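Asker: So I've got this file, entry_36.txt, and it contains compact mmCIF, C-alpha atoms:
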# COMPACT_ATOMS: atom_id res chain seq x y z
CA MET A 16 0.00 0.00 0.00
CA LYS A 17 1.28 3.45 -0.93
CA LEU A 18 1.91 6.00 1.79
CA LEU A 19 -0.91 8.36 2.65
CA PRO A 20 -0.21 12.12 2.48
CA GLY A 21 1.07 13.90 5.56
CA VAL A 22 -1.58 16.19 7.04
CA GLY A 23 -1.37 19.73 8.34
CA VAL A 24 -4.24 20.61 10.67
CA PHE A 25 -5.35 24.22 11.08
CA GLY A 26 -7.26 24.86 14.29
CA THR A 27 -7.24 24.02 17.97
CA GLY A 28 -10.99 23.86 18.68
CA SER A 29 -13.33 20.92 19.20
CA SER A 30 -13.32 19.85 15.54
CA ALA A 31 -9.53 19.76 15.37
CA ARG A 32 -9.36 17.78 18.63
CA VAL A 33 -11.67 15.19 17.13
CA LEU A 34 -10.10 15.21 13.67
CA VAL A 35 -6.53 14.41 14.73
CA PRO A 36 -7.29 10.98 16.29
CA LEU A 37 -9.65 10.15 13.40
CA LEU A 38 -6.91 10.85 10.85
CA ARG A 39 -4.43 8.73 12.77
CA ALA A 40 -6.93 5.87 13.09
CA GLU A 41 -7.11 5.73 9.27
CA GLY A 42 -3.33 5.72 8.84
CA PHE A 43 -2.65 9.41 8.15
CA THR A 44 0.30 11.09 9.84
CA VAL A 45 -0.40 14.51 11.33
CA GLU A 46 2.82 16.36 10.54
CA ALA A 47 1.96 19.91 11.60
CA LEU A 48 -0.53 21.86 13.71
CA TRP A 49 -1.46 25.56 13.42
CA GLY A 50 -3.03 27.68 16.14
CA LYS A 51 -3.96 31.36 16.30
CA THR A 52 -1.28 31.81 18.94
CA GLU A 53 1.90 29.89 19.66
CA GLU A 54 0.53 29.02 23.12
CA GLU A 55 -2.68 27.49 21.73
CA ALA A 56 -0.74 25.47 19.17
CA LYS A 57 1.80 24.25 21.72
CA GLN A 58 -0.88 23.18 24.21
CA LEU A 59 -2.79 21.03 21.73
CA ALA A 60 0.38 19.71 20.06
CA GLU A 61 1.68 18.42 23.39
CA GLU A 62 -1.73 16.98 24.23
CA MET A 63 -1.98 15.23 20.86
CA ASN A 64 1.71 14.34 20.58
CA ILE A 65 2.25 16.37 17.40
CA THR A 66 5.92 17.22 16.90
CA PHE A 67 5.62 20.40 14.81
CA TYR A 68 3.36 23.29 15.79
CA THR A 69 3.24 26.97 14.83
CA SER A 70 1.12 30.12 14.60
CA ARG A 71 2.58 30.98 11.17
CA THR A 72 0.48 29.88 8.19
CA ASP A 73 3.42 29.47 5.81
CA ASP A 74 5.25 27.16 8.20
CA VAL A 75 2.51 24.57 7.70
CA LEU A 76 1.80 25.22 4.01
CA LEU A 77 5.50 24.99 3.09
CA HIS A 78 6.18 21.97 5.31
CA GLN A 79 7.75 19.38 3.00
CA ASP A 80 5.86 16.46 4.58
CA VAL A 81 2.42 18.13 4.39
CA ASP A 82 0.42 17.33 1.25
CA LEU A 83 -3.12 17.64 2.65
CA VAL A 84 -4.38 20.49 4.84
CA CYS A 85 -7.52 20.25 6.96
CA ILE A 86 -8.82 23.69 7.93
CA ASN A 87 -11.08 23.79 10.99
CA ILE A 88 -10.90 27.40 12.11
CA PRO A 89 -13.29 30.37 12.53
CA PRO A 90 -14.99 31.27 9.20
CA PRO A 91 -13.27 34.68 8.78
CA LEU A 92 -9.87 32.95 8.50
CA THR A 93 -10.88 30.08 6.20
CA ARG A 94 -10.60 31.90 2.90
CA GLN A 95 -7.14 33.32 3.58
CA ILE A 96 -5.55 29.95 4.35
CA SER A 97 -7.40 27.84 1.76
CA VAL A 98 -6.60 30.26 -1.07
CA LYS A 99 -2.96 30.41 -0.03
CA ALA A 100 -2.77 26.62 -0.01
CA LEU A 101 -4.21 26.30 -3.51
CA VAL A 102 -2.71 29.32 -5.28
CA PRO A 103 1.01 29.95 -5.74
CA VAL A 104 2.39 33.06 -4.13
CA VAL A 105 4.46 35.32 -6.36
CA LYS A 106 7.24 37.20 -4.58
CA LEU A 107 8.44 40.40 -6.22
CA GLN A 108 11.79 41.96 -5.31
CA LEU A 109 11.14 45.62 -6.04
CA ALA A 110 13.15 48.63 -4.81
CA GLY A 111 15.03 46.40 -2.41
CA GLU A 112 11.81 45.22 -0.76
CA GLU A 113 10.04 41.90 -1.14
CA GLN A 114 6.35 42.20 -1.98
CA GLU A 115 3.90 39.33 -2.10
CA MET A 116 0.83 38.78 -4.27
CA GLU A 117 -1.45 35.85 -4.91
CA GLY A 118 -1.72 34.54 -8.42
CA GLY A 119 -1.99 31.49 -10.59
CA PRO A 120 0.40 30.25 -13.23
CA ASP A 121 -0.11 33.42 -15.29
CA ALA A 122 0.28 35.90 -12.45
CA VAL A 123 3.69 36.93 -13.80
CA THR A 124 4.25 35.84 -17.39
CA PRO A 125 7.77 35.22 -18.73
CA GLY A 126 7.64 38.36 -20.88
CA SER A 127 6.32 40.59 -18.11
CA PRO A 128 8.45 43.54 -16.94
CA CYS A 129 8.13 42.05 -13.44
CA ALA A 130 9.52 38.67 -14.47
CA PRO A 131 13.22 39.40 -13.76
CA TYR A 132 12.33 40.51 -10.24
CA CYS A 133 10.07 37.69 -9.13
CA ARG A 134 10.31 34.20 -7.82
CA GLN A 135 7.21 32.01 -7.72
CA ARG A 136 6.55 29.83 -4.73
CA GLY A 137 4.08 27.11 -5.55
CA ILE A 138 2.38 25.67 -2.50
CA GLY A 139 -0.12 23.33 -4.12
CA LYS A 140 -1.67 21.43 -1.22
CA ASN A 141 -4.89 19.43 -1.23
CA VAL A 142 -7.50 21.19 0.91
CA VAL A 143 -10.47 20.08 3.03
CA CYS A 144 -11.95 23.02 4.89
CA GLU A 145 -15.01 24.43 6.62
CA LYS A 146 -17.25 27.04 5.02
CA ALA A 147 -16.21 30.67 4.54
CA ALA A 148 -17.68 33.68 6.35
CA THR A 149 -19.11 35.55 3.34
CA SER A 150 -20.07 35.06 -0.29
CA VAL A 151 -17.09 37.14 -1.37
CA ASP A 152 -14.73 34.84 0.56
CA ALA A 153 -16.47 31.78 -0.92
CA PHE A 154 -16.13 33.26 -4.42
CA ARG A 155 -12.39 33.81 -3.93
CA MET A 156 -12.04 30.21 -2.79
CA VAL A 157 -13.82 29.01 -5.95
CA THR A 158 -11.50 31.14 -8.09
CA ALA A 159 -8.46 29.70 -6.32
CA SER A 160 -9.65 26.11 -6.75
CA ARG A 161 -9.88 26.63 -10.53
CA TYR A 162 -6.17 27.44 -10.89
CA TYR A 163 -5.18 23.83 -10.22
CA PRO A 164 -8.26 21.61 -10.62
CA GLN A 165 -6.12 18.51 -10.05
CA LEU A 166 -5.77 19.52 -6.38
CA MET A 167 -8.46 18.45 -3.91
CA SER A 168 -10.64 21.37 -2.78
CA LEU A 169 -13.54 20.15 -0.66
CA VAL A 170 -15.89 21.73 1.87
CA GLY A 171 -16.28 19.39 4.82
CA ASN A 172 -20.06 18.95 4.99
CA VAL A 173 -19.83 15.66 6.86
CA LEU A 174 -23.59 15.03 6.60
CA ARG A 175 -23.14 14.00 2.97
CA PHE A 176 -20.94 11.08 4.05
CA LEU A 177 -23.41 9.52 6.49
CA PRO A 178 -24.79 6.19 5.18
CA ALA A 179 -28.35 7.37 5.90
CA PHE A 180 -28.02 10.29 3.49
CA VAL A 181 -25.99 8.31 0.94
CA ARG A 182 -28.82 5.76 0.85
CA MET A 183 -31.52 8.46 0.90
CA LYS A 184 -30.04 10.05 -2.22
CA GLN A 185 -29.93 6.66 -3.96
CA LEU A 186 -33.56 5.90 -3.07
CA ILE A 187 -34.76 9.31 -4.27
CA ALA A 188 -32.97 8.67 -7.59
CA GLU A 189 -34.69 5.26 -7.73
CA HIS A 190 -38.10 6.98 -7.23
CA TYR A 191 -38.81 5.42 -3.82
CA VAL A 192 -40.77 8.58 -2.96
CA GLY A 193 -41.90 9.26 -6.52
CA ALA A 194 -41.68 12.91 -7.59
CA VAL A 195 -40.15 14.96 -4.77
CA MET A 196 -42.58 17.59 -3.47
CA ILE A 197 -41.59 18.68 0.04
CA CYS A 198 -38.46 18.71 2.19
CA ASP A 199 -38.67 19.36 5.92
CA ALA A 200 -35.68 19.66 8.24
CA ARG A 201 -35.35 20.58 11.89
CA ILE A 202 -32.47 20.88 14.32
CA TYR A 203 -33.07 21.41 18.04
CA SER A 204 -30.10 21.92 20.34
CA GLY A 205 -28.80 23.77 23.35
CA SER A 206 -26.94 27.05 22.99
CA LEU A 207 -24.04 27.29 20.54
CA LEU A 208 -22.36 29.96 22.68
CA SER A 209 -19.12 29.17 24.46
CA SER A 210 -17.92 30.41 27.84
CA SER A 211 -16.35 33.53 26.34
CA TYR A 212 -17.18 36.04 23.60
CA GLY A 213 -15.93 34.91 20.19
CA TRP A 214 -16.77 34.68 16.50
CA ILE A 215 -19.79 32.43 17.18
CA CYS A 216 -21.46 35.44 18.86
CA ASP A 217 -21.06 37.74 15.85
CA GLU A 218 -23.33 37.49 12.83
CA LEU A 219 -20.86 39.34 10.57
CA MET A 220 -18.11 36.82 11.44
CA GLY A 221 -20.20 33.80 10.45
CA GLY A 222 -21.62 33.07 13.89
CA GLY A 223 -25.12 31.80 14.61
CA GLY A 224 -27.19 28.73 13.89
CA LEU A 225 -28.02 29.60 10.28
CA HIS A 226 -24.39 29.88 9.24
CA THR A 227 -23.05 27.13 11.53
CA MET A 228 -25.56 24.37 10.73
CA GLY A 229 -28.14 25.87 8.37
CA THR A 230 -25.62 26.12 5.53
CA TYR A 231 -25.05 22.37 5.64
CA ILE A 232 -28.79 21.66 5.68
CA VAL A 233 -29.24 23.87 2.60
CA ASP A 234 -26.41 22.00 0.89
CA LEU A 235 -27.74 18.61 1.97
CA LEU A 236 -31.27 19.22 0.63
CA THR A 237 -29.86 20.32 -2.72
CA HIS A 238 -27.50 17.32 -2.76
CA LEU A 239 -30.37 14.90 -2.02
CA THR A 240 -32.93 16.31 -4.45
CA GLY A 241 -30.67 17.65 -7.18
CA GLN A 242 -32.61 20.95 -7.01
CA LYS A 243 -31.24 24.35 -6.03
CA ALA A 244 -33.00 27.05 -4.05
CA GLU A 245 -34.32 29.84 -6.28
CA LYS A 246 -36.23 31.99 -3.78
CA VAL A 247 -36.19 32.06 0.01
CA HIS A 248 -38.16 33.56 2.88
CA GLY A 249 -36.74 33.51 6.39
CA LEU A 250 -36.69 34.86 9.90
CA LEU A 251 -33.66 35.10 12.20
CA LYS A 252 -33.94 35.91 15.89
CA THR A 253 -31.45 36.38 18.72
CA PHE A 254 -33.24 35.50 21.96
CA VAL A 255 -30.14 35.26 24.17
CA ARG A 256 -28.10 38.46 23.74
CA GLN A 257 -26.18 38.13 26.99
CA ASN A 258 -25.55 35.40 29.53
CA ALA A 259 -23.57 34.83 32.72
CA THR A 260 -20.22 35.11 30.94
CA ILE A 261 -21.09 37.39 27.98
CA ARG A 262 -22.28 40.66 29.49
CA GLY A 263 -21.40 44.30 30.01
CA ILE A 264 -20.70 46.03 26.70
CA ARG A 265 -20.59 42.65 24.93
CA HIS A 266 -23.75 41.29 23.36
CA VAL A 267 -24.59 38.53 20.91
CA THR A 268 -25.69 39.50 17.38
CA SER A 269 -25.82 36.00 15.84
CA ASP A 270 -29.07 34.05 15.59
CA ASP A 271 -30.11 31.31 18.01
CA PHE A 272 -33.42 30.69 16.20
CA CYS A 273 -34.01 30.57 12.48
CA PHE A 274 -36.92 29.51 10.32
CA PHE A 275 -36.81 29.61 6.53
CA GLN A 276 -38.56 28.34 3.42
CA MET A 277 -37.01 27.62 0.04
CA LEU A 278 -38.70 27.42 -3.34
CA MET A 279 -36.41 25.08 -5.27
CA GLY A 280 -36.13 23.93 -8.85
CA GLY A 281 -38.69 21.38 -10.06
CA GLY A 282 -41.38 22.87 -7.80
CA VAL A 283 -39.82 21.43 -4.61
CA CYS A 284 -40.73 23.32 -1.42
CA SER A 285 -38.52 23.14 1.68
CA THR A 286 -39.02 24.22 5.27
CA VAL A 287 -36.17 24.36 7.80
CA THR A 288 -36.35 25.13 11.53
CA LEU A 289 -33.22 25.71 13.61
CA ASN A 290 -33.72 26.21 17.35
CA PHE A 291 -30.69 26.52 19.64
CA ASN A 292 -32.62 27.27 22.83
CA MET A 293 -33.48 23.64 23.59
CA PRO A 294 -31.50 21.96 26.38
CA GLY A 295 -31.49 18.19 26.32
CA ALA A 296 -31.02 15.70 23.52
CA PHE A 297 -29.74 16.94 20.15
CA VAL A 298 -32.54 16.54 17.57
CA HIS A 299 -31.65 16.31 13.87
CA GLU A 300 -34.35 15.24 11.42
CA VAL A 301 -34.49 15.53 7.63
CA MET A 302 -37.58 14.40 5.71
CA VAL A 303 -38.25 14.21 1.97
CA VAL A 304 -41.87 13.71 0.88
CA GLY A 305 -42.85 12.69 -2.62
CA SER A 306 -45.85 11.58 -4.62
CA ALA A 307 -45.28 7.90 -3.74
CA GLY A 308 -43.98 8.02 -0.17
CA ARG A 309 -41.50 9.60 2.21
CA LEU A 310 -37.99 9.16 3.60
CA VAL A 311 -36.91 10.50 6.96
CA ALA A 312 -33.46 10.51 8.57
CA ARG A 313 -33.68 10.74 12.35
CA GLY A 314 -30.16 11.29 13.54
CA ALA A 315 -28.03 8.76 11.65
CA ASP A 316 -30.87 6.27 10.99
CA LEU A 317 -33.04 6.22 7.86
CA TYR A 318 -36.72 5.29 7.73
CA GLY A 319 -39.10 5.13 4.79
CA GLN A 320 -42.77 4.61 4.09
CA LYS A 321 -44.57 4.11 0.80
CA ASN A 322 -48.06 5.58 0.45
CA SER A 323 -49.37 2.03 0.06
CA ALA A 324 -47.70 0.77 3.28
CA ALA A 325 -49.37 0.67 6.69
CA GLN A 326 -46.25 1.72 8.59
CA GLU A 327 -42.72 2.96 8.03
CA GLU A 328 -39.75 0.63 7.65
CA LEU A 329 -36.20 0.92 8.93
CA LEU A 330 -33.91 1.20 5.92
CA VAL A 331 -30.52 2.08 7.47
CA ARG A 332 -29.44 1.73 11.08
CA ASP A 333 -26.09 3.27 11.81
CA SER A 334 -24.34 1.14 14.41
CA LEU A 335 -20.98 2.91 14.17
CA ALA A 336 -19.40 3.07 17.63
CA VAL A 337 -17.39 6.19 18.36
CA GLY A 338 -15.76 7.57 21.47
CA ALA A 339 -12.50 5.70 22.02
CA GLY A 340 -9.26 7.57 21.54
CA PHE A 341 -10.69 11.07 21.87
CA PRO A 342 -9.54 13.71 24.36
CA GLU A 343 -12.01 14.63 27.08
CA GLN A 344 -12.70 18.08 25.61
CA GLY A 345 -13.54 16.68 22.19
CA PRO A 346 -16.69 14.73 21.44
CA GLN A 347 -19.10 16.34 23.90
CA ASP A 348 -18.78 19.61 21.94
CA VAL A 349 -19.50 17.84 18.65
CA PRO A 350 -22.96 16.26 18.20
CA LEU A 351 -22.78 12.49 17.70
CA LEU A 352 -24.29 12.77 14.22
CA TYR A 353 -21.51 15.10 13.07
CA LEU A 354 -18.89 13.02 14.84
CA LYS A 355 -20.01 9.96 12.88
CA GLY A 356 -19.99 12.03 9.69
CA MET A 357 -16.38 13.00 10.36
CA VAL A 358 -15.45 9.33 10.78
CA TYR A 359 -16.99 8.45 7.41
CA MET A 360 -15.41 11.48 5.71
CA VAL A 361 -11.91 10.59 6.94
CA GLN A 362 -12.45 6.99 5.81
CA ALA A 363 -13.40 8.28 2.34
CA LEU A 364 -10.29 10.49 2.28
CA ARG A 365 -8.12 7.48 3.08
CA GLN A 366 -9.73 5.49 0.26
CA SER A 367 -9.21 8.43 -2.10
CA PHE A 368 -5.45 8.70 -1.43
CA GLN A 369 -4.76 5.02 -0.86
CA GLY A 370 -2.92 3.18 -3.62
CA GLN A 371 -1.94 6.31 -5.54
CA GLY A 372 1.49 6.61 -7.09
CA ASP A 373 2.11 9.99 -5.47
CA ARG A 374 1.12 11.34 -2.06
CA ARG A 375 -0.52 14.35 -3.66
CA THR A 376 -2.66 12.52 -6.23
CA TRP A 377 -6.12 11.23 -5.36
CA ASP A 378 -9.05 9.24 -6.72
CA ARG A 379 -12.28 11.25 -7.00
CA THR A 380 -14.63 8.27 -6.71
CA PRO A 381 -14.48 7.68 -2.89
CA VAL A 382 -15.18 11.39 -2.23
CA SER A 383 -17.65 11.89 -5.07
CA MET A 384 -20.39 12.78 -2.58
CA ALA A 385 -18.32 15.58 -1.01
CA ALA A 386 -19.21 19.26 -1.33
CA SER A 387 -17.01 21.33 -3.64
CA PHE A 388 -15.99 24.97 -3.24
CA GLU A 389 -18.73 25.78 -5.80
CA ASP A 390 -21.21 24.14 -3.42
CA GLY A 391 -19.74 26.31 -0.66
CA LEU A 392 -20.47 29.45 -2.68
CA TYR A 393 -24.04 28.25 -3.29
CA MET A 394 -24.58 27.56 0.45
CA GLN A 395 -23.37 31.04 1.33
CA SER A 396 -25.51 32.66 -1.38
CA VAL A 397 -28.64 31.02 0.02
CA VAL A 398 -27.73 32.11 3.55
CA ASP A 399 -27.20 35.68 2.35
CA ALA A 400 -30.63 35.65 0.69
CA ILE A 401 -32.24 34.33 3.91
CA LYS A 402 -30.61 37.15 5.88
CA ARG A 403 -31.88 39.71 3.35
CA SER A 404 -35.36 38.22 3.64
CA SER A 405 -35.27 38.44 7.43
CA ARG A 406 -34.50 42.16 7.15
CA SER A 407 -36.99 42.93 4.35
CA GLY A 408 -39.80 40.57 5.32
CA GLU A 409 -40.09 39.61 1.64
CA TRP A 410 -39.21 36.65 -0.56
CA GLU A 411 -35.67 37.09 -1.87
CA THR A 412 -34.02 35.64 -4.97
CA VAL A 413 -30.86 33.56 -4.52
CA GLU A 414 -28.08 35.21 -6.52
CA LEU A 415 -24.70 33.57 -7.10
CA LEU A 416 -21.66 35.82 -7.44
CA THR A 417 -20.09 35.67 -10.88
CA GLU A 418 -17.49 38.37 -10.27
CA GLU A 419 -15.96 39.97 -7.22
CA PRO A 420 -17.97 43.03 -6.12
CA ASP A 421 -16.54 46.46 -5.48
CA ALA A 422 -15.00 46.66 -1.99
CA ASN A 423 -16.66 50.03 -1.29
CA GLN A 424 -20.07 48.51 -2.02
CA ASN A 425 -19.39 45.75 0.54
CA LEU A 426 -18.48 48.36 3.14
CA SER A 427 -21.62 50.35 2.39
CA GLU A 428 -23.84 47.29 2.80
CA THR A 429 -22.14 46.36 6.08
CA LEU A 430 -22.67 49.86 7.48
CA GLN A 431 -26.33 49.77 6.44
CA ARG A 432 -26.77 46.39 8.12
CA ASN A 433 -25.22 47.67 11.35
CA ASN A 434 -27.45 50.74 11.32
CA LEU A 435 -30.51 48.51 10.87
Translate the structure of the given file into structure tokens.
Answerer:
Amino acid sequence: MKLLPGVGVFGTGSSARVLVPLLRAEGFTVEALWGKTEEEAKQLAEEMNITFYTSRTDDVLLHQDVDLVCINIPPPLTRQISVKALVPVVKLQLAGEEQEMEGGPDAVTPGSPCAPYCRQRGIGKNVVCEKAATSVDAFRMVTASRYYPQLMSLVGNVLRFLPAFVRMKQLIAEHYVGAVMICDARIYSGSLLSSSYGWICDELMGGGGLHTMGTYIVDLLTHLTGQKAEKVHGLLKTFVRQNATIRGIRHVTSDDFCFFQMLMGGGVCSTVTLNFNMPGAFVHEVMVVGSAGRLVARGADLYGQKNSAAQEELLVRDSLAVGAGFPEQGPQDVPLLYLKGMVYMVQALRQSFQGQGDRRTWDRTPVSMAASFEDGLYMQSVVDAIKRSSRSGEWETVELLTEEPDANQNLSETLQRNNL
């Protein structure tokens, strides 16, 4: 068996703590760890027995033994690191100073006046990352992924890898439910807030239930049905603005309750409810109703019922056992459903890289169900439309970016949103 690629992990939060032992269990070697500060990186590296740690992005991306980077960090930082991993950096030596700019193979052409003064540093790592913070960030990630399409560039929506949803997609394609008419999804959970003020509290930084989990539900429903959202209507609310540890001048602006509807292609209607004010068991249910029956995934198990049947049948029971080998601070912060999804995703990554002639090459078949950076842009575009709808009270059209907007326009919209 050929060697698997060395992995560089970005992040020191719950997801990273879970990901490291999962990667090792599948035979990957975690070669480097990045944290926002040297102290954070050192603490987790010692805990996880990772030799190399740093707070400098380039130290991981240029590490000779790292061929795959897994980015599990706050959304505002995702674009910067993923783009840098995928796109070569051109260094210009001008007026005695070294200047850096991002660019693909044609950033500085051989005949360019800049050519004698530049040296190109190709990073070229495979990337699996979380979603970006904004549509503009997601668009830049898509652009970067197109420079070198042979490199892996996946958004880690682990729900797609769960056997229940893999089977649900197959059954919908086989017309188990007939013509798809309605999708209904609901997530009930306790608060997403941590013990201190951070990005999860700030709507503009990608915090809140809609961005944290709603994006992946939007992506999942499109993945299952093959239909994209065209128009949306939604409501976002922040019921808990302060708590015992977030108080004083600090207050939460991200949503802890969200309800939205999507009119999708093919006449499919979807309703999604996200409630993060519910202590107790984590509830995750996705139902697809068609002209001939229905399919419903409750947690990681799949049930189905034909219109002609007297009762529903169990179609997939997920008996995957997880828990061993994790640090104490890990799994309790990650819902079991998502933990299982991470297990299946890492297994698919291993199958994709296994048996390849080079540690950087990969087989697309085992990860064919994964979300691409284009899917990430679509998720973010739907979320943006839902936020616009919540402010306007009207149905809003989902619009995908096709070119990068003017920076001044972005600033103007942000100021207007803050004033509202």
Asker: Quote the spacing between CA of Leu169 (chain A) and CA of Val142 (chain A) in Å to one decimal place.
Answerer: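 Here the two named atoms are 6.3 Å from each other.
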Asker: Which residues are close to region 180-186 of chain A, i.e. within 10 Å by all atoms listed in the file, leaving aside same-chain residues fewer than 4 positions away? Reply as a VMD selection string.
Answerer: chain A and resid 174 to 176 190 to 193 235 to 236 238 to 241 301 to 303 310 to 312 315 to 319 330 to 331 384
Asker: Tell me which protein, DNA and RNA residues are within 12 Å of His299 (chain A), counting only C-alpha atoms, leaving out same-chain ones fewer than 5 positions away, and put them as a ChimeraX atom specification.
Answerer: /A:174,199-204,228-229,232,287-291,311-317,350-353
Asker: Check the smallest atom-to-atom distance from each of A:Trp214, A:Phe388, A:Phe254, A:Tyr163 to Leu92 (chain A) using only C-alpha atoms, then report the winner.
Answerer: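 Nearest to Leu92 (chain A): A:Trp214.
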Asker: Counting all atoms listed in the file, which residues have an atom no more than 10 Å from (-12.8, 10.2, 2.7) in the file's coordinates? Please list them as a compact mmCIF listing (two decimals) with C-alpha atoms, in the frame of the given file.
Answerer:
# COMPACT_ATOMS: atom_id res chain seq x y z
CA GLU A 41 -7.11 5.73 9.27
CA VAL A 173 -19.83 15.66 6.86
CA PHE A 176 -20.94 11.08 4.05
CA MET A 357 -16.38 13.00 10.36
CA VAL A 358 -15.45 9.33 10.78
CA TYR A 359 -16.99 8.45 7.41
CA MET A 360 -15.41 11.48 5.71
CA VAL A 361 -11.91 10.59 6.94
CA GLN A 362 -12.45 6.99 5.81
CA ALA A 363 -13.40 8.28 2.34
CA LEU A 364 -10.29 10.49 2.28
CA ARG A 365 -8.12 7.48 3.08
CA GLN A 366 -9.73 5.49 0.26
CA SER A 367 -9.21 8.43 -2.10
CA PHE A 368 -5.45 8.70 -1.43
CA ARG A 379 -12.28 11.25 -7.00
CA THR A 380 -14.63 8.27 -6.71
CA PRO A 381 -14.48 7.68 -2.89
CA VAL A 382 -15.18 11.39 -2.23
CA SER A 383 -17.65 11.89 -5.07
CA MET A 384 -20.39 12.78 -2.58
CA ALA A 385 -18.32 15.58 -1.01
Asker: What's the separation between CA of Arg32 (chain A) and CA of His226 (chain A), in Å to one decimal place?
Answerer: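 If I compute the distance from CA of Arg32 (chain A) to CA of His226 (chain A), I get 21.5 Å.
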Asker: Point out the residue among A:Ser160, A:Ser306, A:Ser285, A:Gln257 with the least atom-to-atom distance to Ala194 (chain A), counting all atoms listed in the file.
Answerer: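 Using all atoms listed in the file, Ala194 (chain A) sits closest to A:Ser306.
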Asker: Calculated over all atoms listed in the file, which of the candidates A:Lys246, A:Lys321, A:Arg374, A:Lys57 has the smallest distance to Leu83 (chain A)?
Answerer: A:Arg374
Asker: Need to verify the contact set: Cys85 (chain A), 6 Å, all atoms listed in the file, exclusion of same-chain residues closer than 6 positions in sequence. Can you return it as an mmCIF file with C-alpha atoms, in the coordinates of the input?
Answerer:
data_model
loop_
_atom_site.group_PDB
_atom_site.id
_atom_site.type_symbol
_atom_site.label_atom_id
_atom_site.label_comp_id
_atom_site.auth_asym_id
_atom_site.auth_seq_id
_atom_site.Cartn_x
_atom_site.Cartn_y
_atom_site.Cartn_z
ATOM 1 C CA VAL A 24 -4.240 20.610 10.670
ATOM 2 C CA VAL A 143 -10.470 20.080 3.030
ATOM 3 C CA CYS A 144 -11.950 23.020 4.890
#
Asker: Gln276 (chain A): which residues within 8 Å, counting all atoms listed in the file, same-chain residues fewer than 2 positions away excluded, as a list in words?
Answerer: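 Once the adjacent positions are removed, what remains is Val247, His248, Gly249, Phe274, Leu278, Cys284, Ser285, Thr286 and Val287 of chain A.
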Asker: Need the axis-aligned box for region 93-103 of chain A with 6 Å each side, so what are the centre and edges in Å to one decimal, as AutoDock Vina command-line options?
Answerer:
--center_x -4.9 --center_y 29.8 --center_z 0.2 --size_x 23.9 --size_y 19.0 --size_z 23.9
Asker: May I ask which of the residues A:Thr66, A:Arg155, A:Leu59, A:Glu46 is the closest one to Ser97 (chain A), counting all atoms listed in the file?
Answerer: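 The answer is A:Arg155, which sits nearest to Ser97 (chain A).
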Asker: List as JSON, numbers by chain the protein and nucleic acid residues near Gln165 (chain A), meaning an atom at most 12 Å away when all atoms listed in the file are counted, but skip any in the same chain fewer than 4 places from it.
Answerer: {"A": [101, 139, 140, 141, 142, 160, 161, 375, 376, 377, 378, 379]}
Asker: So, with all atoms listed in the file as the atoms that count, which of A:Ser70, A:Thr230, A:Gln79, A:Ser334 lies closest to Ala148 (chain A)?
Answerer: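 Ranked by minimum distance to Ala148 (chain A), first place goes to A:Thr230.
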Asker: CA of Thr44 (chain A) to CA of Phe67 (chain A): how many Å, to one decimal?
Answerer: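 Spanning CA of Thr44 (chain A) to CA of Phe67 (chain A) is a straight-line distance of 11.8 Å.
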Asker: Which residue, A:Gly391, A:Lys402, A:Ala325, A:Gly295, has the smallest gap to Asp270 (chain A) when you use all atoms listed in the file?
Answerer: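 Nearest to Asp270 (chain A): A:Lys402.
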